[in-house]
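J.: Below is the structure I would like to discuss, written out as structure tokens.
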Amino acid sequence: MTKRVLASALLALGAAVVAAAQTTPTKIGVIQIQAAIISTREGKKAAADLEARSAPKKKELEKQQAEINALRDQLQKSSNTASEDIKQKLMRDIDTKTKSFNRSLEDAQAELDQEQNRLLQELGGKIMAVIDKYAKDNGYALIVDISSQQTPVVYAASAIDVTKEIIDLYDKNVPAAGAAPTSAAPAA
């Protein structure tokens with residue numbers, strides 16, 4: 001008799017587990033978050049704005065590089081005819097300008113990296129809200145970011161890639177895609 005009760009209880013428990021498993025989302029998707037962020041209208045606008053803001057610094061760096069190259073050319077052309085003092089002065093000028101250029105280049109790169117990271121954080125937070133809503137609305141149990149080489153995903157079928165859907169949903173739900181990135185917010 002106790003075996004029957006135990007068997008009935010196990011059968012009921014198994015049925016409950018199967019029923020619970022059927023209501024739990026089982027879809028899995030992958031996304032390339034970095035590609036999604038820069039492919040949204042807001043991401044494209046932010047990238048264009050960043051490029052426009054960094055253009056003057058880029059021109060300044062190109063000008064400094066041209067000055068260094070001109071001094072190198074001058075040194076090379078005058079290597080046989082110029083006095084040792086002139087050659088030494090040219091080499092000092094090249095060295096000084098090269099050091100200044102390298103510092104400016106490092107500073108500009110650090111500033112650009114910082115601004116890119118700020119934009120990625122800001123837009124990343126917004127896109128995460130869209131991914132969360134998308135996953136819940138479409139019954140996904142898991143969505144994995146495969147943007148990085150360090151992602152442990154070895155294979156993912158293209159049919160489970162939701163990057164395009166997330167980009168479309170983000171663009172659809174951001175009312176002011178033409179506005180500055182700080183003023184737009186996704187509908188959650």
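A note on labels: chains of the structure tokens are A, B, ... as shown, every chain counts residues from 1, and ligands are counted from 1 in their shown order.
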Considering only C-alpha atoms, give me a table of residues in range 105-179 of chain A that are at most 12 Å from range 50-57 of chain A, with the closest atom pair and distance in Å for each, as CSV.

T.:
```
residue,atom,partner,partner_atom,distance
A:Leu105,CA,A:Lys57,CA,9.1
A:Glu106,CA,A:Lys57,CA,11.8
A:Asp107,CA,A:Lys57,CA,10.3
A:Ala108,CA,A:Lys57,CA,7.2
A:Gln109,CA,A:Ser54,CA,9.9
A:Ala110,CA,A:Ser54,CA,11.9
A:Glu111,CA,A:Ser54,CA,9.4
A:Leu112,CA,A:Ser54,CA,7.6
A:Asp113,CA,A:Leu50,CA,10.7
A:Gln114,CA,A:Leu50,CA,11.3
A:Glu115,CA,A:Leu50,CA,7.9
A:Gln116,CA,A:Leu50,CA,8.0
A:Asn117,CA,A:Leu50,CA,11.6
A:Arg118,CA,A:Leu50,CA,11.2
A:Leu119,CA,A:Leu50,CA,9.3
A:Leu120,CA,A:Leu50,CA,11.9
```

J.: Just want the 10 Å neighbourhood of range 65-67 of chain A, counted on only C-alpha atoms, with same-chain residues fewer than 5 positions away dropped. Output as number ranges by chain.

T.: A: 59-60, 72-73, 94, 97-98, 101-102

J.: With C-alpha atoms retained, write the just-selected residues as a PDB file, in the first residue's frame.

T.:
```pdb
ATOM      1  CA  LYS A  59      43.506  67.769 -38.051  1.00  0.00           C
ATOM      2  CA  GLU A  60      45.824  69.245 -35.416  1.00  0.00           C
ATOM      3  CA  ARG A  72      62.929  64.919 -41.305  1.00  0.00           C
ATOM      4  CA  ASP A  73      62.955  65.653 -45.021  1.00  0.00           C
ATOM      5  CA  ILE A  94      62.406  66.603 -34.521  1.00  0.00           C
ATOM      6  CA  LYS A  97      58.096  67.809 -31.814  1.00  0.00           C
ATOM      7  CA  THR A  98      57.867  64.002 -31.859  1.00  0.00           C
ATOM      8  CA  PHE A 101      53.072  64.774 -30.915  1.00  0.00           C
ATOM      9  CA  ASN A 102      53.149  61.458 -29.044  1.00  0.00           C
TER      10      ASN A 102
END
```

J.: Which one is closest to Val144 in chain A: A:Ala47, A:Ala70, A:Ala82, A:Ile160? Count only C-alpha atoms.

T.: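 Closest to Val144 in chain A, using only C-alpha atoms: A:Ile160.
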
J.: Could you pull out the strand (DSSP E) residues of range 112-150 of chain A from DSSP and send them as number ranges by chain?

T.: A: 140-145

J.: Only all heavy atoms, please: the residues just picked out, written as a compact mmCIF listing (two decimals), in the first residue's frame.

T.:
```
# COMPACT_ATOMS: atom_id res chain seq x y z
N TYR A 140 11.91 34.19 -24.28
CA TYR A 140 13.31 33.76 -24.24
C TYR A 140 13.72 33.47 -22.81
O TYR A 140 13.45 34.25 -21.90
CB TYR A 140 14.24 34.83 -24.82
CG TYR A 140 14.25 34.81 -26.33
CD1 TYR A 140 13.33 35.56 -27.04
CD2 TYR A 140 15.18 34.06 -27.02
CE1 TYR A 140 13.32 35.54 -28.43
CE2 TYR A 140 15.18 34.03 -28.40
CZ TYR A 140 14.25 34.77 -29.10
OH TYR A 140 14.25 34.75 -30.47
N ALA A 141 14.39 32.36 -22.61
CA ALA A 141 14.93 32.02 -21.31
C ALA A 141 16.36 32.56 -21.17
O ALA A 141 16.82 32.83 -20.07
CB ALA A 141 14.95 30.50 -21.11
N LEU A 142 17.04 32.75 -22.31
CA LEU A 142 18.44 33.16 -22.28
C LEU A 142 18.78 33.87 -23.58
O LEU A 142 18.44 33.39 -24.66
CB LEU A 142 19.33 31.91 -22.13
CG LEU A 142 20.83 32.10 -22.17
CD1 LEU A 142 21.32 32.85 -20.94
CD2 LEU A 142 21.52 30.74 -22.27
N ILE A 143 19.46 35.02 -23.46
CA ILE A 143 20.04 35.69 -24.62
C ILE A 143 21.49 35.97 -24.25
O ILE A 143 21.77 36.59 -23.23
CB ILE A 143 19.29 36.99 -24.99
CG1 ILE A 143 17.86 36.67 -25.42
CG2 ILE A 143 20.04 37.74 -26.08
CD1 ILE A 143 17.03 37.87 -25.83
N VAL A 144 22.41 35.50 -25.08
CA VAL A 144 23.84 35.58 -24.80
C VAL A 144 24.49 36.58 -25.75
O VAL A 144 24.25 36.54 -26.96
CB VAL A 144 24.50 34.18 -24.98
CG1 VAL A 144 25.98 34.24 -24.73
CG2 VAL A 144 23.84 33.17 -24.08
N ASP A 145 25.33 37.47 -25.20
CA ASP A 145 26.09 38.42 -26.01
C ASP A 145 27.30 37.69 -26.60
O ASP A 145 28.13 37.15 -25.88
CB ASP A 145 26.55 39.59 -25.14
CG ASP A 145 27.40 40.59 -25.92
OD1 ASP A 145 27.36 40.58 -27.17
OD2 ASP A 145 28.08 41.40 -25.27
```

J.: Please provide as a ChimeraX atom specification all residues within 12 Å of Ala135 in chain A, with the sequence filter that same-chain residues fewer than 4 positions apart are discarded (counting only C-alpha atoms).

T.: /A:25-31,128-131,139-144,162-163,165-166,169,188

J.: Provide the CA of Asp137 in chain A to CA of Pro152 in chain A distance in Å, to one decimal place.

T.: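 So the answer is 26.2 Å.
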
J.: Which residue, A:Ser104, A:Lys87, A:Ser79, A:Val153, has the smallest gap to Lys63 in chain A when you use only C-alpha atoms?

T.: A:Ser104

J.: Would you give me, as a PyMOL selection string, the residues in range 40-165 of chain A that DSSP reads as helix (DSSP H, G or I)?

T.: chain A and resi 41-77+84-137+158-160+163-165

J.: For Leu61 in chain A, which residue among A:Lys136, A:Arg103, A:Lys126, A:Lys172 is the nearest when counting only C-alpha atoms?

T.: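 Between A:Lys136, A:Arg103, A:Lys126, A:Lys172, the residue approaching Leu61 in chain A most closely is A:Arg103.
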